[in-house]
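S.K.: Before we start, here is the structure in question, set down as structure tokens.
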Amino acid sequence: MSMPFLTPRVVGSIVNAYIICPRKAWLMSRQIFPDEDYVYLHLGRLIQEQSYSREKKEIHLEHLRIDLVRKEGETLVIAEVKKSSRGKEAARMQLAFYLYELKTMSIEAKGELLFPEERRREEMILDEKWMKKIEETKEKIENLIQHELPPPPKYSSYCNKCAYGEFCWA
Ligand code: SF4
């Protein structure tokens with residue numbers, strides 16, 4: 001008897017990958033991670049440390065892996081750190097996705113995109129436009145990752161540095 005197929009959950013790194021290459025997003029959705037070089041902090045733990053209310057401590061945030069979290073007065077600020085602004089659009093979408101997911105858990109936050117090597121910082125507020133964009137993108141990704149096979153490789157400048165390069169083009 002074959003195992004039922006469970007559709008993988010859309011997570012931030014998959015949203016990021018989707019903007020760069022849908023094939024990459026599909027591969028990541030199957031837990032094929034050839035290169036994981038960034039540090040994740042568990043938001044749930046941080047929220048606990050920053051003394052959120054008892055209810056909010058209970059929230060499971062396993063699918064959100066956010067680089068940095070801090071409080072600015074009463075406002076929660078989440079930051080996504082990127083090496084370069086090359087994949088900026090994808091990074092923006094990833095950050096907006098985190099803000100969106102938090103909002104669905106009744107956690108209001110604002111976002112920050114940090115490019116330390118370029119000494120740049122970009123703020124993000126989740127407005128209506130971003131909400132709509134994330135809803136549409138999530139739907140597209142959910143459709144994509146239900147397919148049994150990934151879309152065929154499509155060459156772009158990202159392929160040169162992509163960890164799946166050998167897999168796609170060998
Ligand atoms: S090598 Fe290119 S086609 Fe293959 S997953 Fe990476 S970006 Fe996509």
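For the structure tokens, the naming scheme is as follows: chains receive sequential letters (A, B, ...) according to their order of presentation, residues are indexed from 1 within each chain, and ligands are indexed from 1 in presentation order.
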Around ligand 1, at most 8 Å away and counting only C-alpha atoms and all ligand atoms, which residues are there? Put them as an MDAnalysis selection string, please.

M.R.: chainID A and resid 20:25 27 152:169

S.K.: Point out the residue among A:Gln31, A:Gln146, A:Gln94, A:Ser84 with the least atom-to-atom distance to Ile19 in chain A, counting only C-alpha atoms.

M.R.: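 Of all the options, A:Gln94 lies closest to Ile19 in chain A.
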
S.K.: Could you tell me how far CA of Pro151 in chain A sits from CA of Pro8 in chain A, in Å to one decimal place?

M.R.: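 CA of Pro8 in chain A sits 16.3 Å away from CA of Pro151 in chain A.
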
S.K.: Go through A:Gly111, A:Gly87, A:Gly12, A:Gly73 and flag the residue nearest Ser29 in chain A, using only C-alpha atoms for the distances.

M.R.: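 Answer, going by the shortest atom-to-atom distance: A:Gly12.
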
S.K.: Report the distance between CA of Leu76 in chain A and CA of Lys110 in chain A in Å, rounded to one decimal place.

M.R.: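 So the two atoms, CA of Leu76 in chain A and CA of Lys110 in chain A, lie 6.5 Å apart.
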
S.K.: For Pro116 in chain A, find every residue with an atom within 9 Å (counting only C-alpha atoms), except residues of its own chain fewer than 5 positions away, and show them as a list in words.

M.R.: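 The contact residues come out as Val81, Lys82, Lys83, Ser84 and Arg121 of chain A.
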
S.K.: Store the residues of this selection in a file with N, CA and C atoms, as an mmCIF file, in the first residue's frame.

M.R.:
data_model
loop_
_atom_site.group_PDB
_atom_site.id
_atom_site.type_symbol
_atom_site.label_atom_id
_atom_site.label_comp_id
_atom_site.auth_asym_id
_atom_site.auth_seq_id
_atom_site.Cartn_x
_atom_site.Cartn_y
_atom_site.Cartn_z
ATOM 1 N N VAL A 81 18.175 38.707 7.333
ATOM 2 C CA VAL A 81 19.529 39.156 6.995
ATOM 3 C C VAL A 81 19.965 38.485 5.698
ATOM 4 N N LYS A 82 20.418 39.283 4.765
ATOM 5 C CA LYS A 82 20.854 38.725 3.478
ATOM 6 C C LYS A 82 22.272 39.175 3.169
ATOM 7 N N LYS A 83 22.966 38.290 2.483
ATOM 8 C CA LYS A 83 24.363 38.608 2.156
ATOM 9 C C LYS A 83 24.453 39.751 1.158
ATOM 10 N N SER A 84 23.575 39.752 0.177
ATOM 11 C CA SER A 84 23.638 40.835 -0.809
ATOM 12 C C SER A 84 22.238 41.180 -1.277
ATOM 13 N N ARG A 121 19.734 48.866 5.024
ATOM 14 C CA ARG A 121 18.607 48.418 5.836
ATOM 15 C C ARG A 121 17.331 48.906 5.167
#

S.K.: Mind checking which residues fall within 10 Å of Leu113 in chain A, counting only C-alpha atoms, ignoring those fewer than 5 positions away in the same chain, and posting them as a PyMOL selection string?

M.R.: chain A and resi 78-82+85+88+91-92+94-95+120-124

S.K.: Would you please work out which residue, of A:Arg30, A:Arg65, A:Lys129, A:Lys71, is nearest to Leu102 in chain A when using only C-alpha atoms?

M.R.: A:Arg65
